[in-house]
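S.K.: Quick one, protein03.pdb (PDB, C-alpha atoms and all ligand atoms):
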```
ATOM      1  CA  MET A   1      62.492 -39.824   1.620
ATOM      2  CA  SER A   2      63.742 -36.278   1.055
ATOM      3  CA  ILE A   3      61.634 -33.307   2.009
ATOM      4  CA  ASP A   4      60.702 -31.469  -1.147
ATOM      5  CA  TYR A   5      58.960 -28.427   0.294
ATOM      6  CA  LEU A   6      59.823 -25.293   2.248
ATOM      7  CA  ASP A   7      57.989 -23.853   5.237
ATOM      8  CA  GLY A   8      55.518 -20.993   4.985
ATOM      9  CA  ASN A   9      58.175 -18.357   5.585
ATOM     10  CA  ALA A  10      58.916 -18.815   1.878
ATOM     11  CA  LEU A  11      55.685 -16.882   1.324
ATOM     12  CA  ALA A  12      56.897 -13.843   3.318
ATOM     13  CA  GLY A  13      58.589 -12.082   0.392
ATOM     14  CA  PRO A  14      55.878 -12.432  -2.225
ATOM     15  CA  LEU A  15      53.078 -11.707   0.260
ATOM     16  CA  GLY A  16      55.063  -8.757   1.608
ATOM     17  CA  GLU A  17      54.885  -7.304  -1.902
ATOM     18  CA  LEU A  18      51.108  -7.212  -1.473
ATOM     19  CA  PHE A  19      50.216  -6.660   2.161
ATOM     20  CA  ALA A  20      51.332  -4.193   4.779
ATOM     21  CA  VAL A  21      51.115  -6.790   7.560
ATOM     22  CA  ASP A  22      53.249  -9.911   7.949
ATOM     23  CA  LEU A  23      50.872 -12.648   6.862
ATOM     24  CA  THR A  24      53.201 -15.481   7.865
ATOM     25  CA  VAL A  25      52.133 -14.930  11.501
ATOM     26  CA  ALA A  26      48.449 -14.940  10.548
ATOM     27  CA  VAL A  27      46.530 -18.069  11.551
ATOM     28  CA  GLY A  28      44.975 -19.817   8.581
ATOM     29  CA  THR A  29      42.181 -22.375   8.756
ATOM     30  CA  CYS A  30      42.192 -25.093   6.116
ATOM     31  CA  ALA A  31      39.003 -25.377   4.062
ATOM     32  CA  GLY A  32      39.745 -29.064   3.558
ATOM     33  CA  CYS A  33      40.230 -30.394   7.093
ATOM     34  CA  GLY A  34      39.614 -27.447   9.410
ATOM     35  CA  ASN A  35      43.142 -27.455  10.854
ATOM     36  CA  SER A  36      44.383 -24.084  12.052
ATOM     37  CA  GLY A  37      47.940 -22.843  12.243
ATOM     38  CA  PRO A  38      50.285 -20.027  11.313
ATOM     39  CA  VAL A  39      50.867 -19.452   7.618
ATOM     40  CA  ALA A  40      54.580 -19.971   8.396
ATOM     41  CA  GLY A  41      53.696 -23.604   9.143
ATOM     42  CA  LEU A  42      52.409 -24.380   5.649
ATOM     43  CA  ARG A  43      54.314 -26.700   3.337
ATOM     44  CA  VAL A  44      55.331 -24.563   0.410
ATOM     45  CA  TYR A  45      56.162 -26.015  -3.003
ATOM     46  CA  GLY A  46      57.718 -24.019  -5.810
ATOM     47  CA  PRO A  47      58.685 -21.274  -6.396
ATOM     48  CA  ALA A  48      58.063 -22.108 -10.066
ATOM     49  CA  PRO A  49      55.664 -22.174 -11.872
ATOM     50  CA  GLY A  50      54.099 -20.718  -8.699
ATOM     51  CA  LEU A  51      54.151 -20.990  -4.918
ATOM     52  CA  VAL A  52      51.756 -23.588  -3.568
ATOM     53  CA  GLY A  53      51.131 -23.597   0.176
ATOM     54  CA  ARG A  54      49.646 -26.812   1.502
ATOM     55  CA  CYS A  55      48.059 -27.654   4.855
ATOM     56  CA  ALA A  56      50.504 -29.537   7.073
ATOM     57  CA  GLY A  57      47.573 -31.683   8.222
ATOM     58  CA  CYS A  58      45.866 -32.862   5.035
ATOM     59  CA  GLU A  59      48.219 -31.598   2.259
ATOM     60  CA  GLU A  60      45.354 -29.824   0.474
ATOM     61  CA  VAL A  61      46.198 -26.545  -1.244
ATOM     62  CA  MET A  62      45.465 -23.554   1.010
ATOM     63  CA  VAL A  63      47.166 -20.813  -0.993
ATOM     64  CA  ARG A  64      48.552 -20.365  -4.479
ATOM     65  CA  LEU A  65      50.600 -17.381  -5.559
ATOM     66  CA  VAL A  66      51.776 -16.780  -9.103
ATOM     67  CA  ARG A  67      53.928 -13.798 -10.031
ATOM     68  CA  THR A  68      53.476 -12.848 -13.667
ATOM     69  CA  PRO A  69      55.457  -9.979 -15.216
ATOM     70  CA  ASP A  70      52.695  -7.485 -14.450
ATOM     71  CA  ALA A  71      50.529  -9.046 -11.734
ATOM     72  CA  VAL A  72      50.278 -11.308  -8.739
ATOM     73  CA  TRP A  73      47.611 -14.004  -8.744
ATOM     74  CA  LEU A  74      46.564 -14.991  -5.265
ATOM     75  CA  ASP A  75      44.159 -17.894  -4.742
ATOM     76  CA  LEU A  76      42.939 -18.474  -1.202
ATOM     77  CA  ARG A  77      39.986 -20.732  -1.921
ATOM     78  CA  GLY A  78      41.522 -23.476   0.190
ATOM     79  CA  THR A  79      41.711 -21.125   3.156
ATOM     80  CA  LEU A  80      38.512 -20.856   5.174
ATOM     81  CA  SER A  81      39.756 -17.878   7.172
ATOM     82  CA  LEU A  82      42.883 -15.921   8.027
ATOM     83  CA  ARG A  83      43.189 -14.472  11.523
ATOM     84  CA  ILE A  84      45.602 -11.567  11.256
ATOM     85  CA  PRO A  85      46.968 -10.192  14.562
ATOM     86  CA  MET A  86      46.510  -6.434  14.778
ATOM     87  CA  PRO A  87      47.475  -3.883  17.422
ATOM     88  CA  ASP A  88      44.755  -3.073  19.942
ATOM     89  CA  ASP A  89      42.425  -0.440  18.553
ATOM     90  CA  GLN A  90      42.047   2.059  21.424
ATOM     91  CA  GLN A  91      40.667   4.791  19.215
ATOM     92  CA  GLY A  92      37.048   3.627  19.247
ATOM     93  CA  GLY A  93      34.215   4.804  21.549
TER      94      GLY A  93
ATOM     95  CA  MET B   1      90.932 -19.427 -23.573
ATOM     96  CA  ALA B   2      90.914 -22.676 -25.478
ATOM     97  CA  ILE B   3      88.869 -22.974 -28.585
ATOM     98  CA  VAL B   4      86.491 -25.853 -28.222
ATOM     99  CA  SER B   5      85.074 -27.367 -31.337
ATOM    100  CA  ARG B   6      81.358 -27.394 -31.691
ATOM    101  CA  GLY B   7      81.271 -31.155 -31.875
ATOM    102  CA  PHE B   8      82.371 -31.247 -28.254
ATOM    103  CA  PHE B   9      78.840 -30.412 -27.209
ATOM    104  CA  GLY B  10      77.255 -33.341 -28.981
ATOM    105  CA  ARG B  11      75.580 -34.205 -32.185
ATOM    106  CA  ARG B  12      73.584 -30.991 -32.439
ATOM    107  CA  GLY B  13      75.604 -27.776 -32.373
ATOM    108  CA  GLU B  14      74.066 -25.467 -29.807
ATOM    109  CA  GLY B  15      74.112 -22.547 -32.202
ATOM    110  CA  ASP B  16      71.990 -24.376 -34.761
ATOM    111  CA  VAL B  17      69.130 -25.151 -32.434
ATOM    112  CA  LYS B  18      65.905 -23.272 -32.908
ATOM    113  CA  LEU B  19      64.157 -22.751 -29.603
ATOM    114  CA  PRO B  20      60.778 -21.135 -28.934
ATOM    115  CA  PRO B  21      61.073 -17.434 -28.006
ATOM    116  CA  GLY B  22      62.432 -16.733 -24.530
ATOM    117  CA  GLN B  23      63.648 -20.303 -23.917
ATOM    118  CA  TYR B  24      67.167 -21.482 -23.061
ATOM    119  CA  LEU B  25      68.653 -24.915 -23.596
ATOM    120  CA  THR B  26      69.295 -27.223 -20.660
ATOM    121  CA  HIS B  27      70.783 -30.688 -20.498
ATOM    122  CA  ASP B  28      69.392 -31.389 -17.020
ATOM    123  CA  PHE B  29      65.844 -32.479 -16.444
ATOM    124  CA  PRO B  30      64.653 -30.031 -13.771
ATOM    125  CA  VAL B  31      61.835 -31.195 -11.508
ATOM    126  CA  LEU B  32      59.102 -28.709 -10.687
ATOM    127  CA  SER B  33      56.426 -29.697  -8.263
ATOM    128  CA  ALA B  34      53.241 -28.215  -6.862
ATOM    129  CA  GLY B  35      52.898 -30.832  -4.165
ATOM    130  CA  PRO B  36      54.214 -34.016  -2.632
ATOM    131  CA  THR B  37      55.254 -36.702  -5.103
ATOM    132  CA  PRO B  38      52.530 -39.372  -5.209
ATOM    133  CA  ARG B  39      53.692 -42.987  -4.954
ATOM    134  CA  ILE B  40      51.244 -45.234  -6.772
ATOM    135  CA  GLY B  41      51.644 -48.989  -6.697
ATOM    136  CA  LEU B  42      51.197 -50.577 -10.113
ATOM    137  CA  ASP B  43      48.665 -53.008  -8.636
ATOM    138  CA  ARG B  44      46.281 -50.171  -7.864
ATOM    139  CA  TRP B  45      47.213 -47.823 -10.716
ATOM    140  CA  GLU B  46      44.525 -47.160 -13.287
ATOM    141  CA  PHE B  47      43.888 -44.783 -16.128
ATOM    142  CA  THR B  48      40.385 -43.716 -17.089
ATOM    143  CA  ILE B  49      38.737 -41.721 -19.835
ATOM    144  CA  ASP B  50      35.357 -40.298 -18.837
ATOM    145  CA  THR B  51      33.134 -38.996 -21.597
ATOM    146  CA  GLU B  52      30.613 -36.172 -21.605
ATOM    147  CA  LEU B  53      27.902 -38.854 -21.825
ATOM    148  CA  GLY B  54      28.975 -40.403 -18.538
ATOM    149  CA  GLU B  55      30.770 -43.422 -19.998
ATOM    150  CA  THR B  56      33.987 -44.542 -18.339
ATOM    151  CA  HIS B  57      36.788 -46.415 -20.074
ATOM    152  CA  ARG B  58      39.315 -47.950 -17.707
ATOM    153  CA  TRP B  59      42.791 -49.439 -18.066
ATOM    154  CA  SER B  60      44.814 -51.252 -15.440
ATOM    155  CA  TRP B  61      48.625 -51.227 -15.611
ATOM    156  CA  ALA B  62      48.529 -54.633 -17.308
ATOM    157  CA  ASP B  63      45.983 -53.306 -19.804
ATOM    158  CA  LEU B  64      48.248 -50.372 -20.620
ATOM    159  CA  MET B  65      51.285 -52.608 -21.072
ATOM    160  CA  ALA B  66      49.305 -54.801 -23.469
ATOM    161  CA  LEU B  67      48.596 -51.882 -25.818
ATOM    162  CA  PRO B  68      50.889 -51.076 -28.744
ATOM    163  CA  SER B  69      53.475 -48.488 -27.683
ATOM    164  CA  GLU B  70      55.562 -45.910 -29.500
ATOM    165  CA  THR B  71      59.043 -44.536 -28.783
ATOM    166  CA  PRO B  72      58.898 -40.864 -29.711
ATOM    167  CA  THR B  73      61.882 -38.495 -29.446
ATOM    168  CA  LEU B  74      60.544 -35.204 -28.167
ATOM    169  CA  ASP B  75      61.581 -31.623 -27.466
ATOM    170  CA  LEU B  76      60.228 -30.333 -24.142
ATOM    171  CA  HIS B  77      59.587 -26.682 -23.340
ATOM    172  CA  CYS B  78      58.853 -25.597 -19.778
ATOM    173  CA  VAL B  79      57.103 -22.299 -19.056
ATOM    174  CA  THR B  80      59.921 -21.526 -16.585
ATOM    175  CA  LYS B  81      62.028 -21.052 -19.732
ATOM    176  CA  TRP B  82      64.138 -24.189 -20.016
ATOM    177  CA  SER B  83      63.931 -26.429 -23.055
ATOM    178  CA  LYS B  84      65.313 -29.927 -23.309
ATOM    179  CA  LEU B  85      65.695 -31.383 -26.771
ATOM    180  CA  GLY B  86      65.687 -34.897 -28.137
ATOM    181  CA  THR B  87      64.298 -36.709 -25.100
ATOM    182  CA  GLY B  88      63.468 -40.394 -25.592
ATOM    183  CA  TRP B  89      60.198 -41.855 -24.336
ATOM    184  CA  GLN B  90      58.030 -44.922 -24.538
ATOM    185  CA  GLY B  91      54.298 -44.753 -24.184
ATOM    186  CA  VAL B  92      50.868 -45.338 -25.633
ATOM    187  CA  SER B  93      49.474 -42.827 -28.074
ATOM    188  CA  LEU B  94      46.225 -41.175 -27.018
ATOM    189  CA  ASP B  95      44.930 -42.208 -30.447
ATOM    190  CA  VAL B  96      45.113 -45.829 -29.283
ATOM    191  CA  LEU B  97      43.378 -45.065 -25.977
ATOM    192  CA  MET B  98      40.672 -43.032 -27.711
ATOM    193  CA  GLU B  99      40.025 -45.665 -30.386
ATOM    194  CA  ASP B 100      36.820 -47.062 -28.845
ATOM    195  CA  VAL B 101      35.745 -43.879 -27.070
ATOM    196  CA  GLU B 102      32.584 -42.322 -28.471
ATOM    197  CA  THR B 103      32.653 -38.586 -27.958
ATOM    198  CA  ALA B 104      31.652 -35.292 -29.489
ATOM    199  CA  ALA B 105      33.384 -33.306 -26.741
ATOM    200  CA  GLU B 106      35.736 -30.486 -27.675
ATOM    201  CA  TYR B 107      37.571 -30.142 -24.383
ATOM    202  CA  ALA B 108      39.657 -32.361 -22.169
ATOM    203  CA  LEU B 109      40.751 -32.076 -18.559
ATOM    204  CA  ALA B 110      43.672 -34.291 -17.574
ATOM    205  CA  TYR B 111      43.755 -35.158 -13.890
ATOM    206  CA  SER B 112      46.449 -36.739 -11.786
ATOM    207  CA  TYR B 113      47.147 -38.714  -8.657
ATOM    208  CA  GLY B 114      47.768 -35.989  -6.093
ATOM    209  CA  GLY B 115      45.017 -33.743  -7.442
ATOM    210  CA  TYR B 116      46.723 -31.833 -10.272
ATOM    211  CA  THR B 117      44.617 -30.877 -13.293
ATOM    212  CA  THR B 118      45.284 -29.261 -16.669
ATOM    213  CA  ASN B 119      42.940 -28.473 -19.550
ATOM    214  CA  LEU B 120      43.398 -28.561 -23.299
ATOM    215  CA  PRO B 121      41.306 -28.931 -26.435
ATOM    216  CA  LEU B 122      40.673 -32.606 -27.186
ATOM    217  CA  GLU B 123      42.141 -32.195 -30.674
ATOM    218  CA  ASP B 124      45.521 -31.424 -29.072
ATOM    219  CA  LEU B 125      45.563 -34.947 -27.659
ATOM    220  CA  LEU B 126      44.859 -36.642 -31.005
ATOM    221  CA  ASP B 127      46.601 -37.349 -34.331
ATOM    222  CA  GLY B 128      49.937 -38.394 -32.874
ATOM    223  CA  LYS B 129      50.345 -35.338 -30.658
ATOM    224  CA  ALA B 130      50.067 -36.938 -27.178
ATOM    225  CA  TRP B 131      51.087 -40.031 -25.234
ATOM    226  CA  VAL B 132      50.684 -41.689 -21.869
ATOM    227  CA  ALA B 133      54.383 -42.351 -21.293
ATOM    228  CA  TYR B 134      55.898 -44.844 -18.868
ATOM    229  CA  LYS B 135      59.546 -45.035 -19.892
ATOM    230  CA  TYR B 136      62.093 -42.245 -20.153
ATOM    231  CA  ASP B 137      65.541 -42.777 -21.650
ATOM    232  CA  GLY B 138      64.927 -46.531 -21.647
ATOM    233  CA  ASP B 139      64.104 -46.790 -17.936
ATOM    234  CA  ASP B 140      60.863 -46.920 -15.997
ATOM    235  CA  LEU B 141      59.636 -43.380 -15.408
ATOM    236  CA  THR B 142      60.565 -42.365 -11.848
ATOM    237  CA  PRO B 143      58.010 -40.712  -9.534
ATOM    238  CA  PRO B 144      59.732 -37.281  -9.531
ATOM    239  CA  HIS B 145      59.324 -37.166 -13.325
ATOM    240  CA  GLY B 146      55.717 -38.307 -13.187
ATOM    241  CA  GLY B 147      55.984 -42.092 -12.947
ATOM    242  CA  PRO B 148      54.589 -44.601 -13.168
ATOM    243  CA  ALA B 149      52.997 -42.789 -16.110
ATOM    244  CA  ARG B 150      52.620 -39.219 -17.272
ATOM    245  CA  LEU B 151      50.879 -37.412 -20.060
ATOM    246  CA  LEU B 152      53.108 -36.003 -22.788
ATOM    247  CA  VAL B 153      51.847 -33.192 -25.001
ATOM    248  CA  PRO B 154      55.145 -31.775 -26.226
ATOM    249  CA  HIS B 155      53.765 -29.111 -28.555
ATOM    250  CA  LEU B 156      52.442 -27.219 -25.509
ATOM    251  CA  TYR B 157      54.335 -25.970 -22.447
ATOM    252  CA  LEU B 158      55.249 -28.827 -20.159
ATOM    253  CA  TRP B 159      52.683 -28.014 -17.447
ATOM    254  CA  LYS B 160      50.104 -29.478 -19.877
ATOM    255  CA  SER B 161      51.966 -32.815 -19.750
ATOM    256  CA  ALA B 162      50.409 -33.884 -16.450
ATOM    257  CA  LYS B 163      52.693 -35.980 -14.263
ATOM    258  CA  TRP B 164      51.167 -38.991 -12.439
ATOM    259  CA  VAL B 165      48.259 -38.897 -14.887
ATOM    260  CA  ARG B 166      45.197 -40.764 -13.693
ATOM    261  CA  GLY B 167      42.659 -39.934 -16.346
ATOM    262  CA  ILE B 168      41.126 -37.593 -18.863
ATOM    263  CA  ARG B 169      37.662 -36.120 -18.635
ATOM    264  CA  LEU B 170      36.038 -35.188 -21.928
ATOM    265  CA  MET B 171      33.707 -32.223 -21.723
ATOM    266  CA  ASN B 172      31.544 -29.931 -23.832
ATOM    267  CA  GLU B 173      32.871 -26.922 -21.943
ATOM    268  CA  ASP B 174      36.399 -25.826 -21.202
ATOM    269  CA  TRP B 175      37.335 -26.224 -17.545
ATOM    270  CA  PRO B 176      40.589 -24.430 -16.652
ATOM    271  CA  GLY B 177      43.024 -26.525 -14.616
ATOM    272  CA  PHE B 178      45.444 -25.952 -11.746
ATOM    273  CA  TRP B 179      47.825 -23.391 -13.274
ATOM    274  CA  GLU B 180      45.296 -22.126 -15.813
ATOM    275  CA  THR B 181      43.165 -20.772 -12.930
ATOM    276  CA  ALA B 182      46.171 -19.032 -11.369
ATOM    277  CA  GLY B 183      47.408 -16.720 -14.089
ATOM    278  CA  TYR B 184      48.896 -19.104 -16.649
ATOM    279  CA  HIS B 185      47.740 -19.153 -20.248
ATOM    280  CA  ASN B 186      44.752 -21.314 -21.078
ATOM    281  CA  TYR B 187      46.423 -22.913 -24.126
ATOM    282  CA  GLY B 188      50.189 -22.534 -23.657
ATOM    283  CA  ASP B 189      51.790 -22.654 -27.117
ATOM    284  CA  PRO B 190      55.543 -22.165 -26.558
ATOM    285  CA  TRP B 191      56.124 -20.965 -30.124
ATOM    286  CA  LEU B 192      53.628 -18.136 -29.520
ATOM    287  CA  GLU B 193      55.085 -17.624 -26.027
ATOM    288  CA  GLN B 194      51.679 -18.048 -24.399
ATOM    289  CA  ARG B 195      52.951 -18.138 -20.823
ATOM    290  CA  TYR B 196      50.436 -16.026 -18.934
ATOM    291  CA  GLN B 197      46.830 -15.014 -19.377
ATOM    292  CA  GLY B 198      46.731 -12.196 -21.869
ATOM    293  CA  ASP B 199      49.881 -13.310 -23.740
TER     294      ASP B 199
HETATM  295 ZN    ZN C   1      43.910 -29.382   5.889
END
```
Written as structure tokens, that's how I'd like the structure from this file.
Ligand SMILES: [Zn+2]
M.R.:
Amino acid sequence: MSIDYLDGNALAGPLGELFAVDLTVAVGTCAGCGNSGPVAGLRVYGPAPGLVGRCAGCEEVMVRLVRTPDAVWLDLRGTLSLRIPMPDDQQGG
Amino acid sequence: MAIVSRGFFGRRGEGDVKLPPGQYLTHDFPVLSAGPTPRIGLDRWEFTIDTELGETHRWSWADLMALPSETPTLDLHCVTKWSKLGTGWQGVSLDVLMEDVETAAEYALAYSYGGYTTNLPLEDLLDGKAWVAYKYDGDDLTPPHGGPARLLVPHLYLWKSAKWVRGIRLMNEDWPGFWETAGYHNYGDPWLEQRYQGD
């Protein structure tokens, strides 16, 4: 059977339009099965009518991204959390 | 450059075709997918209509095959801007499936094997406007195109024609489906170019 999806790096461009950090290295936790892994490891279907990122464990939808002419629709209801690596904050205290 | 007669392109001259605004003509049948292609054995396939009163009507594959079918020739318009004209199908009209269904619901939500959903007013499924189709171009409908059976509602953008259709839920309230909750138009009339919310 042919593979009909891309990996989560396909989300880098559209998400990069929105966020200052690279979300493909963020660790997402699936709301369906609890699996955790980098966004780059999602199975991404699309790009049209929209990008659909599915959990590699249970195939449930974790992220949907639709680019309309004047907006981006981002649905993360299938993502329980996103852990986004950030540089050490030494400023505090 | 050679002059090619119009007839070369087939029975309908390309210049004569009236397409909905913003659409272009294709002769391919592109496959768009929001997930893995479900593979459903005919022995466990079923189609259900659930009413707002909690009644369920159920058809097995054999039940569906036993119903009178139609062979409509349909123009398809995808929201991603391709249109394919004169496609040949075989399927059962929703009018036949709804014949014994008692309902006062105004809204329908089609749902599919694999989890896809799409919503539309119930009246858009009736009066010869929609089919559960199982043959395309004379052959069994293949899984990439929605087989064993898909919904066909050709007067709306093709995302309303749910592939791998498993059932229809009839409801008193509108319940936006998969693409309708992610920026696409709630109704999706190609002739009014209702692609996105707000169009
Ligand atoms: Zn999962």
S.K.: Between A:Leu6, A:Leu42, A:Leu76, A:Ala26, which one has atoms that come closest to ligand ZN 1 (chain C), using only C-alpha atoms and all ligand atoms?
M.R.: A:Leu42
S.K.: Pick out the closest residue to Ala31 in chain A from this set: A:Leu65, A:Val72, A:Pro47, A:Gly78. Count all atoms listed in the file.
M.R.: A:Gly78
S.K.: Taking only C-alpha atoms into account and nothing else, which residues of chain A lie no more than 6 Å away from chain B? Please answer as number ranges by chain.
M.R.: A: 45, 52, 73
S.K.: Show me, as a VMD selection string, the residues that have an atom within 8 Å of Leu192 in chain B when counting only C-alpha atoms, minus same-chain residues fewer than 2 positions from it.
M.R.: chain B and resid 20 to 21 189 to 190 194
S.K.: Calculate how many Å separate CA of Arg169 in chain B from CA of Gly32 in chain A, rounding to one decimal.
M.R.: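 These two atoms are separated by 23.4 Å.
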S.K.: Give me, as a list in words, the set of residues whose atoms come within 12 Å of any atom of ligand ZN 1 (chain C), counting all atoms listed in the file.
M.R.: Gly28, Thr29, Cys30, Ala31, Gly32, Cys33, Gly34, Asn35, Ser36, Gly37, Gly41, Leu42, Arg43, Gly53, Arg54, Cys55, Ala56, Gly57, Cys58, Glu59, Glu60, Val61, Met62, Val63, Gly78, Thr79 and Leu80 of chain A
S.K.: Convert the output of the PyMOL selection byres (((chain A and resi 8) around 6) and not hetatm) on the shown file into explicit residues, formatted as a list of chain:residue names.
M.R.: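 What the PyMOL selection byres (((chain A and resi 8) around 6) and not hetatm) grabs from the file is A:Asp7, A:Asn9, A:Ala10, A:Leu11, A:Val39, A:Ala40, A:Gly41, A:Leu42, A:Val44.
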S.K.: What is the distance between CA of Gln90 in chain B and CA of His77 in chain B, in Å to one decimal?
M.R.: 18.3 Å
S.K.: Evaluate the PyMOL selection byres (((chain B and resi 47) around 12) and not hetatm) and record the selected residues as a ChimeraX atom specification, following the chain and residue labels used in the document.
M.R.: /B:40,42,44-46,48-50,56-65,92,94,97,110-113,132-133,148-151,164-169
S.K.: With the file shown as input, list the residues that the PyMOL selection byres (((chain B and resi 73) around 6) and not hetatm) selects, as a PyMOL selection string.
M.R.: chain B and resi 72+74+86-88
S.K.: How far is it from CA of Glu180 in chain B to CA of Leu76 in chain B, in Å with one decimal?
M.R.: 19.0 Å
S.K.: Taking every listed atom of range 77-91 of chain B and adding 3 Å to each side, what centre and edge lengths in Å (one decimal) does the axis-aligned box have, as JSON?
M.R.:
```
{"center_x": 60.0, "center_y": -33.0, "center_z": -22.4, "size_x": 17.4, "size_y": 29.9, "size_z": 17.6}
```
S.K.: Nearest to Pro30 in chain B among B:His145, B:Trp131, B:Thr118, B:Gly54, with distances taken over all atoms listed in the file: which residue is it?
M.R.: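 The answer is B:His145, which sits nearest to Pro30 in chain B.
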S.K.: Rebuild all heavy atoms on range 31-37 of chain A, as an mmCIF file, in the frame of the given file?
M.R.:
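New file selection19.cif:
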```
data_model
loop_
_atom_site.group_PDB
_atom_site.id
_atom_site.type_symbol
_atom_site.label_atom_id
_atom_site.label_comp_id
_atom_site.auth_asym_id
_atom_site.auth_seq_id
_atom_site.Cartn_x
_atom_site.Cartn_y
_atom_site.Cartn_z
ATOM 1 N N ALA A 31 40.367 -25.095 4.503
ATOM 2 C CA ALA A 31 39.003 -25.377 4.062
ATOM 3 C C ALA A 31 38.788 -26.875 3.878
ATOM 4 O O ALA A 31 37.653 -27.343 3.856
ATOM 5 C CB ALA A 31 38.718 -24.632 2.762
ATOM 6 N N GLY A 32 39.870 -27.631 3.769
ATOM 7 C CA GLY A 32 39.745 -29.064 3.558
ATOM 8 C C GLY A 32 39.481 -29.827 4.845
ATOM 9 O O GLY A 32 38.550 -30.628 4.922
ATOM 10 N N CYS A 33 40.319 -29.570 5.885
ATOM 11 C CA CYS A 33 40.230 -30.394 7.093
ATOM 12 C C CYS A 33 39.936 -29.596 8.356
ATOM 13 O O CYS A 33 39.716 -30.183 9.416
ATOM 14 C CB CYS A 33 41.516 -31.196 7.290
ATOM 15 S SG CYS A 33 42.924 -30.199 7.813
ATOM 16 N N GLY A 34 39.937 -28.255 8.245
ATOM 17 C CA GLY A 34 39.614 -27.447 9.410
ATOM 18 C C GLY A 34 40.780 -27.164 10.344
ATOM 19 O O GLY A 34 40.631 -26.430 11.318
ATOM 20 N N ASN A 35 41.942 -27.731 10.047
ATOM 21 C CA ASN A 35 43.142 -27.455 10.854
ATOM 22 C C ASN A 35 43.483 -25.968 10.831
ATOM 23 O O ASN A 35 43.348 -25.327 9.796
ATOM 24 C CB ASN A 35 44.342 -28.215 10.273
ATOM 25 C CG ASN A 35 44.733 -29.398 11.112
ATOM 26 O OD1 ASN A 35 43.954 -29.895 11.920
ATOM 27 N ND2 ASN A 35 45.960 -29.863 10.916
ATOM 28 N N SER A 36 43.942 -25.467 11.984
ATOM 29 C CA SER A 36 44.383 -24.084 12.052
ATOM 30 C C SER A 36 45.852 -24.025 12.430
ATOM 31 O O SER A 36 46.324 -24.833 13.221
ATOM 32 C CB SER A 36 43.562 -23.314 13.099
ATOM 33 O OG SER A 36 42.255 -23.142 12.642
ATOM 34 N N GLY A 37 46.543 -23.036 11.882
ATOM 35 C CA GLY A 37 47.940 -22.843 12.243
ATOM 36 C C GLY A 37 48.504 -21.640 11.522
ATOM 37 O O GLY A 37 47.887 -21.131 10.585
#
```
